[in-house]
$ cat work_13.cif   # mmCIF, C-alpha atoms and all ligand atoms
data_structure
loop_
_atom_site.label_atom_id
_atom_site.label_comp_id
_atom_site.auth_asym_id
_atom_site.auth_seq_id
_atom_site.Cartn_x
_atom_site.Cartn_y
_atom_site.Cartn_z
CA MET A 1 16.32 -23.70 2.27
CA THR A 2 15.92 -22.07 5.64
CA PHE A 3 15.02 -18.43 6.18
CA THR A 4 18.02 -16.20 6.97
CA ASN A 5 18.55 -12.43 6.88
CA GLU A 6 20.17 -12.54 3.46
CA ASN A 7 17.86 -14.88 1.58
CA PHE A 8 14.69 -13.52 3.14
CA SER A 9 13.41 -11.72 0.04
CA GLN A 10 13.93 -14.78 -2.14
CA LEU A 11 12.00 -17.03 0.22
CA MET A 12 9.33 -14.40 0.82
CA GLU A 13 8.88 -14.15 -2.95
CA GLU A 14 8.27 -17.89 -3.09
CA ALA A 15 6.03 -17.92 0.00
CA LEU A 16 3.74 -15.15 -1.28
CA TYR A 17 3.99 -15.17 -5.06
CA GLY A 18 5.41 -18.59 -5.98
CA GLU A 19 3.36 -21.43 -7.43
CA ASP A 20 1.78 -22.28 -4.08
CA GLY A 21 2.18 -18.78 -2.70
CA PHE A 22 -0.25 -17.12 -0.32
CA TYR A 23 -1.32 -14.48 -2.87
CA THR A 24 -1.06 -16.79 -5.89
CA LYS A 25 -3.73 -18.93 -4.26
CA GLY A 26 -5.92 -15.91 -3.63
CA GLY A 27 -5.17 -15.25 0.04
CA GLY A 28 -5.66 -11.75 1.26
CA ALA A 29 -8.01 -9.06 2.42
CA GLY A 30 -11.69 -9.39 3.19
CA ARG A 31 -14.22 -9.91 5.94
CA SER A 32 -13.79 -13.41 7.42
CA ARG A 33 -10.65 -13.83 5.35
CA ASP A 34 -7.02 -13.33 6.33
CA TYR A 35 -7.13 -9.69 7.37
CA LEU A 36 -9.20 -6.56 6.88
CA THR A 37 -8.13 -3.54 4.84
CA SER A 38 -9.81 -0.12 4.60
CA PRO A 39 -11.65 -0.74 1.30
CA GLU A 40 -12.88 -4.08 2.64
CA VAL A 41 -14.51 -2.43 5.66
CA GLY A 42 -17.29 -1.10 3.44
CA ASP A 43 -18.02 1.57 0.85
CA LEU A 44 -17.05 4.61 2.91
CA PHE A 45 -13.32 4.47 2.14
CA GLY A 46 -13.98 4.14 -1.61
CA ARG A 47 -16.43 7.01 -1.46
CA ILE A 48 -13.75 9.31 -0.07
CA ILE A 49 -11.19 8.09 -2.60
CA GLY A 50 -13.75 8.60 -5.38
CA ASN A 51 -14.14 12.21 -4.35
CA TYR A 52 -10.35 12.55 -4.20
CA ILE A 53 -10.13 11.25 -7.80
CA ASP A 54 -12.72 13.81 -8.90
CA ASP A 55 -10.75 16.65 -7.26
CA TRP A 56 -7.49 15.36 -8.73
CA TYR A 57 -9.00 15.24 -12.21
CA ASP A 58 -10.55 18.72 -11.89
CA ASN A 59 -7.18 20.15 -10.84
CA LEU A 60 -5.54 18.74 -13.96
CA GLU A 61 -7.64 21.20 -15.96
CA ILE A 62 -7.85 18.93 -18.96
CA ASP A 63 -10.75 17.55 -20.98
CA GLY A 64 -9.17 14.31 -22.10
CA PRO A 65 -8.52 10.97 -20.43
CA ALA A 66 -6.59 10.34 -17.24
CA ILE A 67 -5.42 7.12 -15.64
CA VAL A 68 -6.01 5.84 -12.13
CA ILE A 69 -3.84 2.89 -11.18
CA ASP A 70 -5.08 0.75 -8.30
CA ALA A 71 -1.70 -0.83 -7.49
CA GLY A 72 -1.91 -4.09 -5.57
CA CYS A 73 -5.68 -3.97 -5.96
CA GLY A 74 -6.27 -7.37 -4.33
CA PRO A 75 -9.80 -8.68 -4.92
CA GLY A 76 -11.05 -5.27 -6.08
CA ALA A 77 -13.05 -3.84 -3.20
CA LEU A 78 -11.78 -0.29 -3.75
CA ALA A 79 -12.66 -0.26 -7.45
CA ALA A 80 -16.15 -1.60 -6.72
CA SER A 81 -16.74 1.06 -4.06
CA ILE A 82 -15.54 3.82 -6.39
CA ALA A 83 -17.91 2.49 -9.05
CA ARG A 84 -20.82 2.68 -6.61
CA ALA A 85 -19.74 6.21 -5.66
CA LYS A 86 -20.67 7.35 -9.19
CA ILE A 87 -17.94 9.97 -9.47
CA ASN A 88 -18.41 13.02 -11.68
CA ASN A 89 -15.43 12.44 -13.96
CA ALA A 90 -15.95 8.70 -14.39
CA ASP A 91 -16.24 8.87 -18.17
CA ARG A 92 -12.76 10.41 -18.42
CA ILE A 93 -11.07 7.88 -16.16
CA LYS A 94 -9.22 4.78 -17.34
CA TYR A 95 -9.01 2.64 -14.22
CA ALA A 96 -6.19 0.07 -14.23
CA LEU A 97 -6.35 -2.71 -11.64
CA VAL A 98 -2.87 -4.12 -11.07
CA ASP A 99 -2.06 -7.18 -9.01
CA ARG A 100 0.55 -9.92 -9.20
CA SER A 101 -2.08 -12.48 -8.30
CA PRO A 102 -4.08 -13.74 -11.30
CA THR A 103 -6.58 -15.18 -8.81
CA HIS A 104 -7.26 -11.71 -7.44
CA LEU A 105 -7.55 -10.25 -10.93
CA LYS A 106 -10.18 -12.85 -11.77
CA THR A 107 -12.14 -11.88 -8.66
CA CYS A 108 -11.85 -8.21 -9.68
CA GLU A 109 -13.28 -9.04 -13.08
CA GLU A 110 -16.24 -10.90 -11.61
CA ARG A 111 -16.85 -8.13 -9.12
CA LEU A 112 -16.70 -5.25 -11.59
CA ASN A 113 -18.81 -7.06 -14.16
CA LYS A 114 -21.64 -6.88 -11.64
CA VAL A 115 -21.59 -3.08 -11.22
CA GLN A 116 -22.07 -0.16 -13.55
CA THR A 117 -18.64 1.36 -13.19
CA GLY A 118 -19.07 4.48 -15.34
CA PHE A 119 -15.30 4.38 -15.94
CA SER A 120 -13.45 2.06 -18.29
CA TRP A 121 -11.28 -0.51 -16.54
CA SER A 122 -8.56 -3.01 -17.35
CA LEU A 123 -6.67 -5.74 -15.51
CA HIS A 124 -2.87 -6.09 -15.33
CA GLU A 125 -0.33 -8.33 -13.61
CA SER A 126 2.27 -5.54 -13.71
CA LEU A 127 2.18 -1.77 -14.13
CA PRO A 128 0.88 -0.86 -17.62
CA ASP A 129 2.58 1.78 -19.75
CA CYS A 130 0.84 5.09 -19.11
CA GLU A 131 0.50 8.02 -21.49
CA TYR A 132 -1.99 10.31 -19.77
CA PRO A 133 -1.90 12.12 -16.45
CA THR A 134 -1.81 9.37 -13.85
CA LEU A 135 -2.79 8.90 -10.22
CA VAL A 136 -1.41 5.80 -8.50
CA ILE A 137 -3.34 4.63 -5.46
CA ALA A 138 -1.82 1.85 -3.39
CA ASN A 139 -3.53 0.63 -0.26
CA GLU A 140 -1.32 -1.76 1.69
CA LEU A 141 0.84 -2.63 -1.30
CA LEU A 142 4.25 -1.53 -0.03
CA ASP A 143 4.14 -3.80 3.03
CA ASN A 144 3.75 -6.85 0.79
CA LEU A 145 6.69 -6.07 -1.49
CA VAL A 146 9.61 -8.35 -0.71
CA PHE A 147 12.53 -7.25 1.47
CA ASN A 148 15.71 -8.55 3.01
CA ILE A 149 16.73 -8.16 6.60
CA GLY A 150 19.72 -6.04 7.62
CA PHE A 151 21.06 -4.23 10.65
CA ALA A 152 20.22 -0.56 11.13
CA ASP A 153 23.71 0.59 12.12
CA GLU A 154 25.42 -1.28 9.27
CA THR A 155 22.89 -0.09 6.71
CA TYR A 156 22.75 3.55 7.68
CA SER A 157 26.14 4.51 9.07
CA THR A 158 28.26 3.42 6.12
CA PHE A 159 26.37 5.47 3.61
CA GLU A 160 28.23 8.36 1.95
CA PRO A 161 25.75 10.41 -0.10
CA ASP A 162 28.40 12.28 -2.06
CA GLU A 163 29.96 9.12 -3.42
CA ILE A 164 26.77 7.95 -5.09
CA ASP A 165 26.34 8.58 -8.76
CA LYS A 166 22.57 8.63 -9.08
CA SER A 167 22.67 7.82 -12.78
CA LEU A 168 24.25 4.46 -11.99
CA LEU A 169 21.59 3.36 -9.57
CA GLY A 170 19.78 0.14 -10.27
CA PHE A 171 16.92 -1.02 -8.11
CA ASP A 172 19.02 -3.50 -6.14
CA THR A 173 21.34 -0.80 -4.91
CA TYR A 174 18.54 1.27 -3.42
CA ALA A 175 18.27 -1.16 -0.57
CA ASN A 176 21.76 -0.31 0.57
CA PHE A 177 20.74 3.27 1.08
CA GLY A 178 20.88 4.76 4.43
CA ILE A 179 19.94 8.17 5.57
CA PHE A 180 20.39 10.53 2.71
CA LYS A 181 21.15 13.67 4.64
CA ASN A 182 21.68 15.96 1.70
CA ILE A 183 18.26 15.30 0.26
CA ASP A 184 16.00 18.21 1.00
CA ASN A 185 13.01 16.03 1.59
CA LEU A 186 14.74 14.36 4.49
CA LYS A 187 15.22 17.62 6.32
CA GLY A 188 11.78 17.21 7.81
CA ALA A 189 12.36 13.62 8.83
CA ASP A 190 13.52 12.89 12.33
CA VAL A 191 16.77 11.24 11.36
CA PRO A 192 18.98 9.78 14.09
CA ILE A 193 22.71 10.34 14.02
CA ASP A 194 23.71 7.33 16.11
CA ILE A 195 21.59 4.34 15.42
CA GLY A 196 21.59 1.06 17.37
CA HIS A 197 22.29 -2.50 16.31
CA PHE A 198 18.88 -3.94 15.50
CA ARG A 199 17.26 -5.56 12.51
CA ILE A 200 15.35 -3.59 9.89
CA PRO A 201 13.72 -4.42 6.55
CA LEU A 202 15.84 -3.60 3.48
CA HIS A 203 13.14 -2.57 1.06
CA THR A 204 14.49 -4.18 -2.11
CA GLY A 205 11.02 -4.92 -3.53
CA MET A 206 9.87 -1.36 -2.91
CA ALA A 207 12.94 -0.05 -4.75
CA GLN A 208 12.21 -2.39 -7.64
CA TRP A 209 8.58 -1.33 -7.74
CA PHE A 210 9.59 2.36 -7.95
CA TYR A 211 11.96 1.51 -10.75
CA GLU A 212 9.12 -0.23 -12.62
CA LEU A 213 6.86 2.75 -11.96
CA SER A 214 9.41 5.15 -13.42
CA VAL A 215 9.67 3.02 -16.57
CA ALA A 216 5.88 2.66 -16.96
CA THR A 217 5.30 6.39 -16.50
CA SER A 218 8.30 7.81 -18.34
CA ASN A 219 5.96 9.60 -20.79
CA VAL A 220 3.59 10.91 -18.16
CA SER A 221 3.70 14.67 -17.59
CA SER A 222 1.76 14.65 -14.34
CA LEU A 223 2.08 11.74 -11.92
CA SER A 224 0.51 11.72 -8.46
CA LEU A 225 0.79 9.10 -5.74
CA LEU A 226 -1.53 8.24 -2.89
CA PHE A 227 -0.20 5.47 -0.63
CA PHE A 228 -1.67 3.99 2.53
CA ASP A 229 0.51 1.78 4.70
CA TYR A 230 1.92 1.39 8.18
CA MET A 231 5.12 3.46 8.23
CA LYS A 232 7.45 4.75 10.88
CA SER A 233 10.83 6.34 11.32
CA VAL A 234 13.81 3.96 11.35
CA GLN A 235 14.66 4.35 15.02
CA LYS A 236 11.18 3.06 15.89
CA PHE A 237 12.13 -0.31 14.43
CA GLU A 238 14.33 -1.07 17.42
CA ASP A 239 11.81 -3.41 19.10
CA GLU A 240 11.96 -5.56 15.95
CA ASN A 241 8.17 -5.90 15.99
CA TRP A 242 7.95 -4.63 12.44
CA LEU A 243 7.84 -8.13 10.95
CA ARG A 244 4.50 -9.97 11.04
CA LEU A 245 3.07 -13.23 9.81
CA TYR A 246 -0.69 -13.70 9.51
CA SER A 247 -1.56 -17.34 9.48
CA ASP A 248 -5.02 -18.89 9.94
CA ASN A 249 -6.19 -16.05 12.15
CA GLU A 250 -2.96 -16.21 14.10
CA ARG A 251 -0.84 -13.07 14.20
CA ILE A 252 2.85 -13.70 14.82
CA VAL A 253 4.83 -10.54 15.57
CA GLY A 254 8.58 -9.87 15.77
CA VAL A 255 11.61 -10.79 13.70
CA GLU A 256 12.71 -13.74 15.83
CA GLU A 257 9.17 -15.08 16.26
CA VAL A 258 8.37 -14.88 12.54
CA LEU A 259 11.69 -16.38 11.45
CA ASP A 260 11.11 -19.20 13.90
CA ALA A 261 7.56 -19.82 12.63
CA LEU A 262 8.70 -19.77 8.99
CA ARG A 263 11.48 -22.23 9.77
CA ARG A 264 8.86 -24.51 11.34
CA GLY A 265 6.98 -24.41 8.02
CA ILE A 266 4.12 -22.12 9.06
CA THR A 267 2.73 -20.32 6.03
CA GLY A 268 0.69 -17.15 5.65
CA ASP A 269 0.98 -13.49 4.75
CA ILE A 270 4.39 -11.99 5.49
CA THR A 271 4.31 -8.26 5.99
CA THR A 272 6.47 -5.40 7.30
CA ASP A 273 6.21 -1.82 8.43
CA ILE A 274 7.77 0.64 6.00
CA ILE A 275 10.79 2.77 6.89
CA LYS A 276 9.70 6.35 6.23
CA GLU A 277 13.23 7.54 5.46
CA ASP A 278 13.69 4.91 2.74
CA LEU A 279 10.43 5.92 1.11
CA HIS A 280 11.57 9.56 1.19
CA VAL A 281 14.81 8.58 -0.54
CA LEU A 282 13.02 6.63 -3.27
CA LEU A 283 10.51 9.42 -3.87
CA ASP A 284 13.28 11.96 -4.08
CA ILE A 285 15.36 9.90 -6.49
CA GLU A 286 12.37 9.41 -8.75
CA GLY A 287 11.81 13.17 -8.88
CA PHE A 288 8.73 13.47 -6.66
CA SER A 289 8.10 16.66 -4.75
CA LYS A 290 5.30 18.04 -2.59
CA ILE A 291 5.68 14.94 -0.44
CA LYS A 292 3.13 14.93 2.34
CA PHE A 293 2.88 12.44 5.20
CA ASN A 294 -0.25 12.22 7.28
CA THR A 295 -2.02 9.71 9.49
CA GLN A 296 -4.99 7.96 7.93
CA HIS A 297 -7.12 9.46 10.71
CA ASP A 298 -6.14 13.03 9.86
CA TRP A 299 -6.16 12.47 6.11
CA LEU A 300 -9.70 11.08 6.21
CA LYS A 301 -10.83 13.99 8.35
CA GLU A 302 -9.25 16.45 5.89
CA ASN A 303 -10.99 14.60 3.07
CA ASN A 304 -14.40 15.03 4.65
CA ILE A 305 -15.06 11.61 6.11
CA ASP A 306 -17.74 13.12 8.32
CA ILE A 307 -19.74 14.39 5.34
CA TRP A 308 -19.38 11.18 3.34
CA PHE A 309 -20.20 9.13 6.39
CA GLU A 310 -23.67 10.61 6.52
CA ASN A 311 -24.17 10.17 2.78
CA VAL A 312 -22.92 6.63 2.54
CA LEU A 313 -25.25 5.45 5.28
CA GLU A 314 -28.18 6.43 3.14
CA GLN A 315 -27.00 4.26 0.27
CA SER A 316 -28.05 0.67 0.41
CA SER A 317 -24.65 -0.89 -0.30
CA GLY A 318 -22.91 0.97 2.49
CA TYR A 319 -25.78 0.46 4.87
CA GLU A 320 -25.98 -3.26 4.18
CA ASN A 321 -22.26 -3.60 4.76
CA LEU A 322 -22.64 -1.80 8.02
CA GLN A 323 -25.53 -4.00 9.10
CA ALA A 324 -23.47 -7.07 8.28
CA TRP A 325 -20.71 -5.75 10.48
CA VAL A 326 -22.98 -5.17 13.39
CA LYS A 327 -24.75 -8.52 13.13
CA SER A 328 -21.78 -10.72 12.35
CA ASP A 329 -19.89 -12.90 14.78
CA THR A 330 -16.60 -11.08 15.22
CA ASP A 331 -15.20 -13.01 18.17
CA GLU A 332 -11.70 -13.41 16.89
CA LYS A 333 -11.46 -9.88 15.50
CA PRO A 334 -10.12 -7.05 17.64
CA ILE A 335 -12.51 -4.67 15.93
CA GLN A 336 -15.54 -6.22 17.60
CA GLY A 337 -17.78 -3.60 19.07
CA PHE A 338 -17.20 -0.84 16.57
CA SER A 339 -20.48 0.49 15.45
CA SER A 340 -19.56 2.00 12.15
CA GLU A 341 -17.16 1.99 9.25
CA ARG A 342 -16.15 5.49 10.17
CA ALA A 343 -14.94 4.44 13.60
CA ILE A 344 -12.98 1.53 12.16
CA LEU A 345 -11.27 3.68 9.52
CA LEU A 346 -10.38 6.38 12.04
CA ASP A 347 -9.32 4.11 14.91
CA HIS A 348 -6.06 5.45 16.35
CA THR A 349 -4.96 1.96 17.37
CA GLY A 350 -5.80 0.39 13.99
CA LEU A 351 -6.34 1.65 10.47
CA GLY A 352 -6.41 5.29 11.59
CA ALA A 353 -2.76 4.98 12.62
CA PHE A 354 -1.68 4.12 9.09
CA SER A 355 0.40 6.65 7.21
CA VAL A 356 -0.90 8.32 4.07
CA VAL A 357 1.69 9.60 1.62
CA GLU A 358 0.90 11.99 -1.20
CA ALA A 359 3.53 13.01 -3.74
CA LYS A 360 3.68 14.54 -7.19
CA ARG A 361 6.07 14.39 -10.13
CA GLU A 362 5.68 16.89 -12.93
CA ILE A 363 7.77 17.02 -16.07
C1 LIG A 401 -2.35 -6.36 1.40
S1 LIG A 401 -2.97 -6.71 -0.20
C2 LIG A 401 -3.91 -5.22 -0.43
C3 LIG A 401 -5.09 -5.42 -1.35
C4 LIG A 401 -5.97 -4.19 -1.57
N1 LIG A 401 -5.22 -3.04 -2.02
C5 LIG A 401 -6.73 -3.84 -0.30
O1 LIG A 401 -6.48 -2.78 0.26
O2 LIG A 401 -7.56 -4.64 0.12
C6 LIG A 401 -1.55 -6.48 -1.21
C7 LIG A 401 -1.75 -6.89 -2.64
O3 LIG A 401 -0.60 -6.48 -3.39
C8 LIG A 401 -0.35 -7.45 -4.39
N2 LIG A 401 1.03 -7.25 -4.88
C9 LIG A 401 2.17 -7.58 -4.29
N3 LIG A 401 3.22 -7.19 -5.02
C10 LIG A 401 2.73 -6.57 -6.11
C11 LIG A 401 3.30 -5.93 -7.24
N4 LIG A 401 4.61 -5.83 -7.41
N5 LIG A 401 2.47 -5.42 -8.17
C12 LIG A 401 1.13 -5.50 -8.01
N6 LIG A 401 0.53 -6.09 -6.97
C13 LIG A 401 1.31 -6.62 -6.03
C14 LIG A 401 -0.63 -8.76 -3.69
O4 LIG A 401 -0.86 -9.80 -4.62
C15 LIG A 401 -1.86 -8.40 -2.87
O5 LIG A 401 -3.06 -8.67 -3.54
#
$ encode --input "work_13.cif" --output "structure tokens" --more "lines below"
Ligand SMILES: C[S@@+](CC[C@H](N)C(=O)[O-])C[C@H]1O[C@@H](n2cnc3c(N)ncnc32)[C@H](O)[C@@H]1O
Amino acid sequence: MTFTNENFSQLMEEALYGEDGFYTKGGGAGRSRDYLTSPEVGDLFGRIIGNYIDDWYDNLEIDGPAIVIDAGCGPGALAASIARAKINNADRIKYALVDRSPTHLKTCEERLNKVQTGFSWSLHESLPDCEYPTLVIANELLDNLVFNIGFADETYSTFEPDEIDKSLLGFDTYANFGIFKNIDNLKGADVPIDIGHFRIPLHTGMAQWFYELSVATSNVSSLSLLFFDYMKSVQKFEDENWLRLYSDNERIVGVEEVLDALRRGITGDITTDIIKEDLHVLLDIEGFSKIKFNTQHDWLKENNIDIWFENVLEQSSGYENLQAWVKSDTDEKPIQGFSSERAILLDHTGLGAFSVVEAKREI
């Protein structure tokens, strides 16, 4: 079968998560691997998230257990960093590592068995049922959820919000959503009225994932989300450079270029930018409020990266990671020359430009 707009999600599913899929075989994040993510840079990111978890737990004002879900955990770098951070509320936290790739889950297990986590942890191929207050952290998960390809004008202009009966919505219909102008959350989004004829991702997998999340957390009274991903407003998709294929250190960018490479049999990680408006719609439908968008740069600054930066340098794990960075041969990596984890995480042209989304659902 050849890749087309309509069957894209089906073939992407096979290419990433099928028997010989990129993630099934353990491809993914890491130094000298396919690409670098924030938790793989070193311990600093996990240190800041660890502190965030402590604050989140304290604000719950409970004594009992709470759940942290590391959704799309990959090989487990974030969990290992949080373990080394020795957070105050560790003994109350049930940490669930969730990834579709059994290979990654095995790596997580090996990794966490080597550290004193302080928190209890468990491994899952899909979201576990949750019964306590829950925080879902997802670093670069959304961009790996499957999608189809559609045209912006066809997708957005035909949408009539008033005709939709929300109670009838299944996950596959989410992807046909366009701009949901009567949703309060969208008032802050820069929504275009006339939109051009260009290709965009139809986030079917993201819609399905939210549906699964709502089922898994239907008994949870307090649910918080913390997502990191590259997101932008729909009109910024016009250059069609939102589709990327990472293959053997080659980075292929653009809808036409990636489709062409896939048709020629090139394999690798297929990834997209996320349409902010679609995420707004999904969050709204699932009852989330207090939705906050930020850049990773600003979010890390607000969450005291400068303080943790000093602290983490004094800890051997972070320092050793940093030394390895400085000494390693980084020829093919654009990040060559950065002198610290902090600079890499804050970089306005790289990870610092990611979006951070926080949202809360309370019943
Ligand atoms: C880009 S990697 C990010 C890994 C890790 N969070 C990090 O920051 O290094 C995305 C991960 O999401 C996983 N994934 C994709 N779809 C998933 C789903 N529906 N549920 C759980 N994990 C999923 C993939 O197997 C992959 O390991």
$ closest_residue --input "work_13.cif" --among "A:Asn148, A:Thr271, A:Ser224, A:Ser214" --to "ligand LIG 401 (chain A)" --atoms "all atoms listed in the file"
A:Thr271
$ atom_distance --input "work_13.cif" --atom1 "atom CA of Thr217 of chain A" --atom2 "atom CA of Thr204 of chain A"
20.1 Å
$ residues_near_ligand --input "work_13.cif" --ligand "ligand LIG 401 (chain A)" --cutoff "9 Å" --atoms "only C-alpha atoms and all ligand atoms" --output "PyMOL selection string"
chain A and resi 16-17+22-24+26-30+35-40+70-78+97-105+124-127+137-146+205-206+208-209+212+228+269+271
$ atom_distance --input "work_13.cif" --atom1 "atom CA of Glu341 of chain A" --atom2 "atom CA of Phe45 of chain A"
8.5 Å
$ closest_residue --input "work_13.cif" --among "A:Ile49, A:Val215, A:Leu112, A:Leu60" --to "Phe227 of chain A" --atoms "only C-alpha atoms"
A:Ile49
$ atom_distance --input "work_13.cif" --atom1 "atom CA of Leu213 of chain A" --atom2 "atom CA of Asp129 of chain A"
8.9 Å
$ closest_residue --input "work_13.cif" --among "A:Ala90, A:Leu223, A:Ile275, A:Val68" --to "Arg199 of chain A" --atoms "all atoms listed in the file"
A:Ile275
$ closest_residue --input "work_13.cif" --among "A:Leu283, A:Val136, A:Tyr57, A:Gly64" --to "Ala96 of chain A" --atoms "only C-alpha atoms"
A:Val136
$ closest_residue --input "work_13.cif" --among "A:Asp43, A:Glu358, A:Asp63, A:Glu110" --to "Phe309 of chain A" --atoms "only C-alpha atoms"
A:Asp43
$ build_atoms --input "work_13.cif" --residues "segment 296-309 of chain A" --atoms "N, CA and C atoms" --output "mmCIF file, keeping the file's coordinate frame"
data_model
loop_
_atom_site.group_PDB
_atom_site.id
_atom_site.type_symbol
_atom_site.label_atom_id
_atom_site.label_comp_id
_atom_site.auth_asym_id
_atom_site.auth_seq_id
_atom_site.Cartn_x
_atom_site.Cartn_y
_atom_site.Cartn_z
ATOM 1 N N GLN A 296 -3.724 8.235 8.625
ATOM 2 C CA GLN A 296 -4.990 7.960 7.930
ATOM 3 C C GLN A 296 -6.124 8.707 8.625
ATOM 4 N N HIS A 297 -6.092 8.747 9.953
ATOM 5 C CA HIS A 297 -7.120 9.460 10.710
ATOM 6 C C HIS A 297 -7.240 10.895 10.224
ATOM 7 N N ASP A 298 -6.102 11.610 10.207
ATOM 8 C CA ASP A 298 -6.140 13.030 9.860
ATOM 9 C C ASP A 298 -6.453 13.234 8.375
ATOM 10 N N TRP A 299 -5.907 12.336 7.547
ATOM 11 C CA TRP A 299 -6.160 12.470 6.110
ATOM 12 C C TRP A 299 -7.653 12.287 5.815
ATOM 13 N N LEU A 300 -8.271 11.306 6.447
ATOM 14 C CA LEU A 300 -9.700 11.080 6.210
ATOM 15 C C LEU A 300 -10.538 12.254 6.712
ATOM 16 N N LYS A 301 -10.108 12.807 7.831
ATOM 17 C CA LYS A 301 -10.830 13.990 8.350
ATOM 18 C C LYS A 301 -10.707 15.146 7.354
ATOM 19 N N GLU A 302 -9.468 15.361 6.866
ATOM 20 C CA GLU A 302 -9.250 16.450 5.890
ATOM 21 C C GLU A 302 -10.045 16.206 4.610
ATOM 22 N N ASN A 303 -10.261 14.931 4.301
ATOM 23 C CA ASN A 303 -10.990 14.600 3.070
ATOM 24 C C ASN A 303 -12.461 14.311 3.346
ATOM 25 N N ASN A 304 -12.962 14.957 4.385
ATOM 26 C CA ASN A 304 -14.400 15.030 4.650
ATOM 27 C C ASN A 304 -15.081 13.711 4.965
ATOM 28 N N ILE A 305 -14.425 12.880 5.758
ATOM 29 C CA ILE A 305 -15.060 11.610 6.110
ATOM 30 C C ILE A 305 -16.403 11.847 6.799
ATOM 31 N N ASP A 306 -16.508 12.931 7.554
ATOM 32 C CA ASP A 306 -17.740 13.120 8.320
ATOM 33 C C ASP A 306 -18.929 13.413 7.395
ATOM 34 N N ILE A 307 -18.654 14.104 6.299
ATOM 35 C CA ILE A 307 -19.740 14.390 5.340
ATOM 36 C C ILE A 307 -20.115 13.107 4.597
ATOM 37 N N TRP A 308 -19.095 12.387 4.121
ATOM 38 C CA TRP A 308 -19.380 11.180 3.340
ATOM 39 C C TRP A 308 -19.982 10.087 4.196
ATOM 40 N N PHE A 309 -19.651 10.102 5.461
ATOM 41 C CA PHE A 309 -20.200 9.130 6.390
ATOM 42 C C PHE A 309 -21.721 9.205 6.410
#
